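J.: Next comes the structure file target_22.pdb, holding PDB, C-alpha atoms, pLDDT in the B column.
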MODEL        1
ATOM      1  CA  MET A 777      67.359 120.186 101.138  1.00 72.00           C
ATOM      2  CA  ALA A 778      69.058 119.271 104.435  1.00 79.00           C
ATOM      3  CA  LYS A 779      72.730 119.914 105.070  1.00 83.00           C
ATOM      4  CA  ILE A 780      74.885 116.925 104.270  1.00 80.00           C
ATOM      5  CA  SER A 781      76.098 116.873 107.905  1.00 83.00           C
ATOM      6  CA  ASN A 782      72.497 116.353 109.121  1.00 86.00           C
ATOM      7  CA  GLN A 783      72.668 112.725 110.262  1.00 87.00           C
ATOM      8  CA  GLU A 784      68.923 112.525 110.854  1.00 90.00           C
ATOM      9  CA  ALA A 785      68.270 113.250 107.174  1.00 88.00           C
ATOM     10  CA  TYR A 786      71.375 111.349 106.013  1.00 86.00           C
ATOM     11  CA  PRO A 787      72.276 108.617 108.545  1.00 89.00           C
ATOM     12  CA  GLU A 788      75.873 107.413 108.677  1.00 87.00           C
ATOM     13  CA  ASP A 789      76.477 104.114 106.878  1.00 87.00           C
ATOM     14  CA  LYS A 790      79.546 102.191 108.035  1.00 87.00           C
ATOM     15  CA  GLN A 791      78.948  99.394 105.502  1.00 89.00           C
ATOM     16  CA  VAL A 792      80.591 101.058 102.486  1.00 86.00           C
ATOM     17  CA  ALA A 793      80.472  99.151  99.185  1.00 88.00           C
ATOM     18  CA  LEU A 794      81.963  99.901  95.775  1.00 87.00           C
ATOM     19  CA  GLU A 795      78.394 100.174  94.437  1.00 91.00           C
ATOM     20  CA  ASP A 796      77.657 103.110  96.802  1.00 90.00           C
ATOM     21  CA  TYR A 797      77.625 106.720  95.613  1.00 90.00           C
ATOM     22  CA  LEU A 798      79.208 109.964  96.798  1.00 88.00           C
ATOM     23  CA  ILE A 799      77.987 113.492  96.077  1.00 87.00           C
ATOM     24  CA  GLY A 800      80.545 115.883  94.663  1.00 87.00           C
ATOM     25  CA  THR A 801      81.286 118.868  92.470  1.00 89.00           C
ATOM     26  CA  ASP A 802      82.349 118.324  88.863  1.00 89.00           C
ATOM     27  CA  SER A 803      85.249 120.739  88.381  1.00 89.00           C
ATOM     28  CA  GLN A 804      85.148 120.238  84.600  1.00 90.00           C
ATOM     29  CA  ASP A 805      81.402 120.837  84.132  1.00 90.00           C
ATOM     30  CA  ARG A 806      80.731 124.336  85.517  1.00 89.00           C
ATOM     31  CA  LYS A 807      81.020 122.994  89.081  1.00 88.00           C
ATOM     32  CA  ARG A 808      77.707 121.148  88.881  1.00 91.00           C
ATOM     33  CA  THR A 809      76.755 118.794  91.710  1.00 90.00           C
ATOM     34  CA  LYS A 810      76.800 115.147  90.627  1.00 91.00           C
ATOM     35  CA  THR A 811      76.861 111.648  92.074  1.00 92.00           C
ATOM     36  CA  TYR A 812      79.959 109.508  91.729  1.00 91.00           C
ATOM     37  CA  PRO A 813      80.081 105.724  92.174  1.00 91.00           C
ATOM     38  CA  LEU A 814      82.597 104.846  94.869  1.00 89.00           C
ATOM     39  CA  SER A 815      84.157 102.343  92.435  1.00 88.00           C
ATOM     40  CA  SER A 816      85.006 105.276  90.095  1.00 88.00           C
ATOM     41  CA  VAL A 817      86.585 107.223  92.962  1.00 86.00           C
ATOM     42  CA  VAL A 818      88.714 104.180  93.865  1.00 84.00           C
ATOM     43  CA  GLU A 819      89.782 103.834  90.213  1.00 85.00           C
ATOM     44  CA  VAL A 820      90.853 107.500  90.022  1.00 84.00           C
ATOM     45  CA  ILE A 821      92.901 107.106  93.221  1.00 80.00           C
ATOM     46  CA  GLN A 822      94.545 103.903  91.961  1.00 75.00           C
ATOM     47  CA  ASP A 823      95.429 105.605  88.656  1.00 74.00           C
ATOM     48  CA  ALA A 824      96.938 108.561  90.540  1.00 73.00           C
ATOM     49  CA  ILE A 825      99.025 106.224  92.709  1.00 69.00           C
ATOM     50  CA  GLU A 826     100.278 104.304  89.657  1.00 65.00           C
ATOM     51  CA  GLU A 827     101.067 107.561  87.840  1.00 66.00           C
ATOM     52  CA  ASN A 828     103.018 109.002  90.769  1.00 61.00           C
ATOM     53  CA  LEU A 829     104.929 105.855  91.694  1.00 57.00           C
ATOM     54  CA  GLU A 830     107.676 104.602  89.477  1.00 55.00           C
ATOM     55  CA  MET A 831     107.532 100.873  90.020  1.00 52.00           C
ATOM     56  CA  PRO A 832     110.391  98.771  88.679  1.00 49.00           C
ATOM     57  CA  LYS A 833     109.227  96.871  85.597  1.00 48.00           C
ATOM     58  CA  ASN A 834     111.958  94.192  85.521  1.00 46.00           C
ATOM     59  CA  THR A 835     114.311  92.629  88.015  1.00 42.00           C
ATOM     60  CA  SER A 836     117.150  93.983  85.870  1.00 42.00           C
ATOM     61  CA  ASP A 837     115.950  97.500  86.815  1.00 47.00           C
ATOM     62  CA  LEU A 838     116.926  96.801  90.445  1.00 45.00           C
ATOM     63  CA  VAL A 839     120.315  96.966  92.104  1.00 44.00           C
ATOM     64  CA  ASN A 840     121.094  95.795  95.633  1.00 44.00           C
ATOM     65  CA  ASP A 841     121.915  98.884  97.708  1.00 46.00           C
ATOM     66  CA  GLY A 842     123.471  96.885 100.562  1.00 45.00           C
ATOM     67  CA  ASN A 843     120.795  97.685 103.171  1.00 48.00           C
ATOM     68  CA  GLY A 844     118.632  95.207 105.007  1.00 44.00           C
ATOM     69  CA  THR A 845     118.458  91.472 104.629  1.00 44.00           C
ATOM     70  CA  GLU A 846     119.233  89.111 101.765  1.00 46.00           C
ATOM     71  CA  ALA A 847     115.682  89.558 100.467  1.00 43.00           C
ATOM     72  CA  GLY A 848     115.906  93.346 100.260  1.00 46.00           C
ATOM     73  CA  PRO A 849     115.599  96.194 100.163  1.00 46.00           C
ATOM     74  CA  PHE A 850     116.743  97.196  96.701  1.00 47.00           C
ATOM     75  CA  ALA A 851     117.037 100.635  95.108  1.00 43.00           C
ATOM     76  CA  THR A 852     116.029 101.358  91.543  1.00 40.00           C
ATOM     77  CA  ILE A 853     118.847 102.500  89.246  1.00 37.00           C
ATOM     78  CA  GLU A 854     116.864 105.435  87.823  1.00 37.00           C
ATOM     79  CA  ASP A 855     114.264 107.094  89.982  1.00 42.00           C
ATOM     80  CA  ALA A 856     113.628 110.785  89.356  1.00 38.00           C
ATOM     81  CA  ARG A 857     111.262 111.396  92.292  1.00 45.00           C
ATOM     82  CA  GLY A 858     113.046 109.536  95.057  1.00 54.00           C
ATOM     83  CA  LYS A 859     114.248 106.088  95.992  1.00 69.00           C
ATOM     84  CA  THR A 860     112.148 102.980  95.716  1.00 74.00           C
ATOM     85  CA  TYR A 861     112.936 100.047  98.009  1.00 75.00           C
ATOM     86  CA  GLN A 862     111.566  96.630  97.173  1.00 77.00           C
ATOM     87  CA  PHE A 863     111.151  94.111  99.989  1.00 76.00           C
ATOM     88  CA  SER A 864     110.049  90.507 100.179  1.00 76.00           C
ATOM     89  CA  ASN A 865     108.549  88.561 103.120  1.00 76.00           C
ATOM     90  CA  LEU A 866     109.622  91.069 105.763  1.00 79.00           C
ATOM     91  CA  LYS A 867     107.867  92.360 108.901  1.00 83.00           C
ATOM     92  CA  GLU A 868     110.243  95.342 109.178  1.00 84.00           C
ATOM     93  CA  VAL A 869     112.147  97.361 106.571  1.00 82.00           C
ATOM     94  CA  ILE A 870     114.781  99.942 107.520  1.00 83.00           C
ATOM     95  CA  VAL A 871     115.464 102.492 104.781  1.00 82.00           C
ATOM     96  CA  VAL A 872     118.636 104.584 105.083  1.00 79.00           C
ATOM     97  CA  HIS A 873     117.959 107.700 102.989  1.00 77.00           C
ATOM     98  CA  GLY A 874     120.497 110.093 104.547  1.00 79.00           C
ATOM     99  CA  LYS A 875     118.432 113.232 103.873  1.00 82.00           C
ATOM    100  CA  GLY A 876     118.378 114.494 107.466  1.00 87.00           C
ATOM    101  CA  VAL A 877     114.747 115.607 107.142  1.00 88.00           C
ATOM    102  CA  ILE A 878     111.331 114.019 107.591  1.00 89.00           C
ATOM    103  CA  VAL A 879     110.507 112.398 104.259  1.00 86.00           C
ATOM    104  CA  ASP A 880     107.207 111.330 102.722  1.00 85.00           C
ATOM    105  CA  VAL A 881     106.909 107.549 102.799  1.00 85.00           C
ATOM    106  CA  VAL A 882     104.560 105.647 100.472  1.00 85.00           C
ATOM    107  CA  VAL A 883     104.193 101.914 101.173  1.00 86.00           C
ATOM    108  CA  VAL A 884     102.711  99.615  98.525  1.00 83.00           C
ATOM    109  CA  VAL A 885     101.939  95.948  99.181  1.00 82.00           C
ATOM    110  CA  GLY A 886     100.894  94.067  96.056  1.00 74.00           C
ATOM    111  CA  VAL A 887      99.239  96.766  93.975  1.00 68.00           C
ATOM    112  CA  GLN A 888      97.660  98.746  96.808  1.00 72.00           C
ATOM    113  CA  GLN A 889      99.019 101.587  98.861  1.00 72.00           C
ATOM    114  CA  VAL A 890      98.850 100.657 102.546  1.00 77.00           C
ATOM    115  CA  PHE A 891      99.038 102.595 105.775  1.00 76.00           C
ATOM    116  CA  THR A 892     101.360 101.100 108.349  1.00 85.00           C
ATOM    117  CA  SER A 893     103.724 102.011 111.156  1.00 86.00           C
ATOM    118  CA  VAL A 894     106.431 104.402 109.917  1.00 90.00           C
ATOM    119  CA  GLU A 895     109.068 105.661 112.349  1.00 92.00           C
ATOM    120  CA  HIS A 896     111.742 108.284 111.596  1.00 92.00           C
ATOM    121  CA  SER A 897     115.092 107.964 113.369  1.00 90.00           C
ATOM    122  CA  PRO A 898     116.133 110.784 115.768  1.00 92.00           C
ATOM    123  CA  ASP A 899     118.704 112.061 113.239  1.00 92.00           C
ATOM    124  CA  LEU A 900     116.058 111.871 110.437  1.00 90.00           C
ATOM    125  CA  ASN A 901     118.352 109.807 108.188  1.00 84.00           C
ATOM    126  CA  ASN A 902     116.496 106.473 108.474  1.00 85.00           C
ATOM    127  CA  VAL A 903     112.907 105.316 108.231  1.00 86.00           C
ATOM    128  CA  THR A 904     111.635 102.090 109.784  1.00 88.00           C
ATOM    129  CA  VAL A 905     108.465 100.588 108.328  1.00 88.00           C
ATOM    130  CA  ARG A 906     106.779  97.827 110.368  1.00 88.00           C
ATOM    131  CA  PHE A 907     104.031  95.393 109.373  1.00 86.00           C
ATOM    132  CA  SER A 908     101.846  93.138 111.518  1.00 85.00           C
ATOM    133  CA  LYS A 909     102.861  90.148 109.354  1.00 84.00           C
ATOM    134  CA  GLN A 910     105.432  89.413 106.654  1.00 82.00           C
ATOM    135  CA  GLU A 911     104.687  91.428 103.530  1.00 82.00           C
ATOM    136  CA  THR A 912     106.097  91.871 100.022  1.00 81.00           C
ATOM    137  CA  GLY A 913     106.019  95.167  98.162  1.00 81.00           C
ATOM    138  CA  PHE A 914     107.958  98.390  97.878  1.00 80.00           C
ATOM    139  CA  ILE A 915     108.510 101.678  99.667  1.00 82.00           C
ATOM    140  CA  LEU A 916     108.871 105.016  97.909  1.00 82.00           C
ATOM    141  CA  ILE A 917     110.794 107.763  99.720  1.00 81.00           C
ATOM    142  CA  LYS A 918     109.989 111.256  98.413  1.00 77.00           C
TER     143      LYS A 918
ENDMDL
END
Please lay out the structure from this file as C-alpha coordinates.
T.:
Amino acid sequence: MAKISNQEAYPEDKQVALEDYLIGTDSQDRKRTKTYPLSSVVEVIQDAIEENLEMPKNTSDLVNDGNGTEAGPFATIEDARGKTYQFSNLKEVIVVHGKGVIVDVVVVVGVQQVFTSVEHSPDLNNVTVRFSKQETGFILIK
(Lines of atoms letter the chains of each structure in order from A and count residues from 1; the text may use other names and numbers.)
(Lines give C-alpha, C1' and ligand atoms only; values in the text may rest on other atoms or scores of the structure.)
Protein backbone atom coordinates (compact mmCIF):
# COMPACT_ATOMS: atom_id res chain seq x y z
CA MET A 1 0.00 0.00 0.00
CA ALA A 2 1.37 3.43 -0.96
CA LYS A 3 1.90 6.19 1.57
CA ILE A 4 -1.04 8.53 1.80
CA SER A 5 1.24 11.44 0.81
CA ASN A 6 2.04 9.71 -2.52
CA GLN A 7 0.12 11.95 -4.94
CA GLU A 8 0.75 9.64 -7.88
CA ALA A 9 -1.12 6.83 -6.12
CA TYR A 10 -3.61 9.22 -4.47
CA PRO A 11 -4.00 12.39 -6.59
CA GLU A 12 -5.16 15.56 -4.86
CA ASP A 13 -8.85 16.35 -5.36
CA LYS A 14 -9.79 20.00 -4.89
CA GLN A 15 -13.49 19.31 -5.57
CA VAL A 16 -14.46 18.15 -2.07
CA ALA A 17 -18.06 17.01 -1.56
CA LEU A 18 -19.95 15.90 1.54
CA GLU A 19 -20.29 12.46 -0.08
CA ASP A 20 -16.48 12.04 -0.15
CA TYR A 21 -14.62 9.89 2.37
CA LEU A 22 -11.61 10.37 4.63
CA ILE A 23 -9.38 7.65 6.08
CA GLY A 24 -8.83 7.75 9.81
CA THR A 25 -8.19 5.85 13.02
CA ASP A 26 -11.12 4.85 15.22
CA SER A 27 -9.97 5.71 18.74
CA GLN A 28 -12.87 3.74 20.26
CA ASP A 29 -12.36 0.52 18.27
CA ARG A 30 -8.80 -0.63 19.03
CA LYS A 31 -7.42 2.10 16.75
CA ARG A 32 -8.57 0.34 13.59
CA THR A 33 -8.30 2.17 10.27
CA LYS A 34 -11.71 3.09 8.85
CA THR A 35 -13.31 5.36 6.28
CA TYR A 36 -15.42 8.29 7.39
CA PRO A 37 -17.91 10.17 5.19
CA LEU A 38 -17.00 13.85 5.10
CA SER A 39 -20.63 14.65 6.00
CA SER A 40 -20.14 12.78 9.32
CA VAL A 41 -16.94 14.72 10.04
CA VAL A 42 -18.78 18.01 9.39
CA GLU A 43 -21.59 16.90 11.73
CA VAL A 44 -19.14 16.08 14.54
CA ILE A 45 -17.49 19.50 14.15
CA GLN A 46 -20.85 21.30 14.14
CA ASP A 47 -21.91 19.42 17.30
CA ALA A 48 -18.63 20.35 19.00
CA ILE A 49 -19.09 24.02 18.08
CA GLU A 50 -22.68 24.03 19.39
CA GLU A 51 -21.59 22.27 22.59
CA ASN A 52 -18.76 24.72 23.26
CA LEU A 53 -20.64 27.90 22.40
CA GLU A 54 -23.33 29.18 24.67
CA MET A 55 -25.68 30.89 22.28
CA PRO A 56 -28.41 33.08 23.74
CA LYS A 57 -31.76 31.31 23.43
CA ASN A 58 -34.05 34.34 23.87
CA THR A 59 -33.76 38.07 23.39
CA SER A 60 -34.49 38.39 27.12
CA ASP A 61 -31.16 36.61 27.75
CA LEU A 62 -29.33 39.61 26.25
CA VAL A 63 -28.43 42.92 27.82
CA ASN A 64 -27.00 45.92 25.98
CA ASP A 65 -23.42 46.41 27.20
CA GLY A 66 -23.13 49.93 25.77
CA ASN A 67 -20.52 49.11 23.10
CA GLY A 68 -20.88 49.56 19.38
CA THR A 69 -23.86 50.75 17.41
CA GLU A 70 -27.59 50.69 18.06
CA ALA A 71 -27.78 47.21 16.53
CA GLY A 72 -25.16 45.71 18.85
CA PRO A 73 -23.11 44.27 20.23
CA PHE A 74 -24.82 42.78 23.26
CA ALA A 75 -23.39 40.71 26.11
CA THR A 76 -25.16 37.71 27.57
CA ILE A 77 -26.15 38.02 31.24
CA GLU A 78 -24.75 34.60 32.19
CA ASP A 79 -21.82 33.23 30.26
CA ALA A 80 -19.47 30.91 32.14
CA ARG A 81 -16.81 30.57 29.42
CA GLY A 82 -16.50 34.16 28.26
CA LYS A 83 -18.52 36.95 26.75
CA THR A 84 -20.77 36.54 23.76
CA TYR A 85 -21.46 39.58 21.58
CA GLN A 86 -24.39 39.51 19.20
CA PHE A 87 -24.31 41.80 16.16
CA SER A 88 -26.71 42.57 13.36
CA ASN A 89 -26.01 43.90 9.83
CA LEU A 90 -22.51 45.12 10.63
CA LYS A 91 -19.27 45.06 8.59
CA GLU A 92 -17.14 45.72 11.69
CA VAL A 93 -17.60 44.84 15.37
CA ILE A 94 -15.33 46.23 18.10
CA VAL A 95 -15.37 44.17 21.30
CA VAL A 96 -13.95 45.78 24.44
CA HIS A 97 -13.01 42.86 26.71
CA GLY A 98 -10.46 44.59 28.97
CA LYS A 99 -8.40 41.44 29.60
CA GLY A 100 -5.06 42.88 28.48
CA VAL A 101 -4.09 39.61 26.78
CA ILE A 102 -4.61 38.02 23.37
CA VAL A 103 -7.96 36.24 23.57
CA ASP A 104 -9.44 33.43 21.50
CA VAL A 105 -12.13 34.79 19.20
CA VAL A 106 -14.86 32.58 17.72
CA VAL A 107 -17.09 34.22 15.09
CA VAL A 108 -20.40 32.61 14.14
CA VAL A 109 -22.58 33.91 11.29
CA GLY A 110 -25.95 32.19 11.10
CA VAL A 111 -25.20 28.73 12.46
CA GLN A 112 -21.69 28.35 11.07
CA GLN A 113 -18.36 29.31 12.53
CA VAL A 114 -16.55 31.61 10.10
CA PHE A 115 -12.98 32.74 9.69
CA THR A 116 -12.58 36.46 9.19
CA SER A 117 -10.26 39.36 9.92
CA VAL A 118 -9.61 39.67 13.67
CA GLU A 119 -7.32 42.42 14.95
CA HIS A 120 -6.17 42.88 18.56
CA SER A 121 -5.55 46.42 19.79
CA PRO A 122 -1.97 47.35 20.86
CA ASP A 123 -2.99 47.30 24.54
CA LEU A 124 -4.75 43.91 24.02
CA ASN A 125 -8.01 45.17 25.56
CA ASN A 126 -10.07 45.34 22.35
CA VAL A 127 -10.72 43.07 19.40
CA THR A 128 -11.92 44.32 16.01
CA VAL A 129 -13.68 41.82 13.76
CA ARG A 130 -14.17 42.85 10.11
CA PHE A 131 -16.34 41.30 7.40
CA SER A 132 -16.34 41.82 3.64
CA LYS A 133 -20.09 42.57 3.76
CA GLN A 134 -22.70 43.25 6.44
CA GLU A 135 -23.25 40.15 8.57
CA THR A 136 -25.42 39.06 11.49
CA GLY A 137 -24.24 36.63 14.14
CA PHE A 138 -22.27 36.56 17.36
CA ILE A 139 -18.71 36.62 18.64
CA LEU A 140 -17.48 34.54 21.57
CA ILE A 141 -14.44 35.82 23.48
CA LYS A 142 -12.67 33.09 25.47
J.: Where does the PyMOL selection byres ((chain A and resi 892-897) around 12) land in this file, that is, which residues does it pick, as a PDB file with C-alpha atoms, keeping the file's coordinate frame?
T.:
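For reference, result-v1.pdb as written:
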ATOM      1  CA  LYS A 867     107.867  92.360 108.901  1.00 83.00           C
ATOM      2  CA  GLU A 868     110.243  95.342 109.178  1.00 84.00           C
ATOM      3  CA  VAL A 869     112.147  97.361 106.571  1.00 82.00           C
ATOM      4  CA  ILE A 870     114.781  99.942 107.520  1.00 83.00           C
ATOM      5  CA  VAL A 871     115.464 102.492 104.781  1.00 82.00           C
ATOM      6  CA  VAL A 872     118.636 104.584 105.083  1.00 79.00           C
ATOM      7  CA  HIS A 873     117.959 107.700 102.989  1.00 77.00           C
ATOM      8  CA  GLY A 874     120.497 110.093 104.547  1.00 79.00           C
ATOM      9  CA  LYS A 875     118.432 113.232 103.873  1.00 82.00           C
ATOM     10  CA  GLY A 876     118.378 114.494 107.466  1.00 87.00           C
ATOM     11  CA  VAL A 877     114.747 115.607 107.142  1.00 88.00           C
ATOM     12  CA  ILE A 878     111.331 114.019 107.591  1.00 89.00           C
ATOM     13  CA  VAL A 879     110.507 112.398 104.259  1.00 86.00           C
ATOM     14  CA  ASP A 880     107.207 111.330 102.722  1.00 85.00           C
ATOM     15  CA  VAL A 881     106.909 107.549 102.799  1.00 85.00           C
ATOM     16  CA  VAL A 882     104.560 105.647 100.472  1.00 85.00           C
ATOM     17  CA  VAL A 883     104.193 101.914 101.173  1.00 86.00           C
ATOM     18  CA  VAL A 884     102.711  99.615  98.525  1.00 83.00           C
ATOM     19  CA  VAL A 885     101.939  95.948  99.181  1.00 82.00           C
ATOM     20  CA  GLN A 889      99.019 101.587  98.861  1.00 72.00           C
ATOM     21  CA  VAL A 890      98.850 100.657 102.546  1.00 77.00           C
ATOM     22  CA  PHE A 891      99.038 102.595 105.775  1.00 76.00           C
ATOM     23  CA  PRO A 898     116.133 110.784 115.768  1.00 92.00           C
ATOM     24  CA  ASP A 899     118.704 112.061 113.239  1.00 92.00           C
ATOM     25  CA  LEU A 900     116.058 111.871 110.437  1.00 90.00           C
ATOM     26  CA  ASN A 901     118.352 109.807 108.188  1.00 84.00           C
ATOM     27  CA  ASN A 902     116.496 106.473 108.474  1.00 85.00           C
ATOM     28  CA  VAL A 903     112.907 105.316 108.231  1.00 86.00           C
ATOM     29  CA  THR A 904     111.635 102.090 109.784  1.00 88.00           C
ATOM     30  CA  VAL A 905     108.465 100.588 108.328  1.00 88.00           C
ATOM     31  CA  ARG A 906     106.779  97.827 110.368  1.00 88.00           C
ATOM     32  CA  PHE A 907     104.031  95.393 109.373  1.00 86.00           C
ATOM     33  CA  SER A 908     101.846  93.138 111.518  1.00 85.00           C
ATOM     34  CA  LYS A 909     102.861  90.148 109.354  1.00 84.00           C
ATOM     35  CA  GLU A 911     104.687  91.428 103.530  1.00 82.00           C
ATOM     36  CA  ILE A 915     108.510 101.678  99.667  1.00 82.00           C
ATOM     37  CA  ILE A 917     110.794 107.763  99.720  1.00 81.00           C
TER      38      ILE A 917
END
J.: Once the PyMOL selection byres ((chain A and resi 795-803) around 10) has been evaluated on this model, what residues remain selected, and can you format them as a count of residues only?
T.: 19
J.: Do you have the CA of Phe914 in chain A-CA of Thr860 in chain A distance handy?
T.: 6.6 Å
J.: One number please: CA of Asp789 in chain A to CA of Asp823 in chain A, in Å, one decimal.
T.: 26.3 Å
J.: Please measure the separation of CA of Asn865 in chain A and CA of Leu916 in chain A, giving the value in Å to one decimal.
T.: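 According to the coordinates, CA of Asn865 in chain A and CA of Leu916 in chain A are separated by 17.3 Å.
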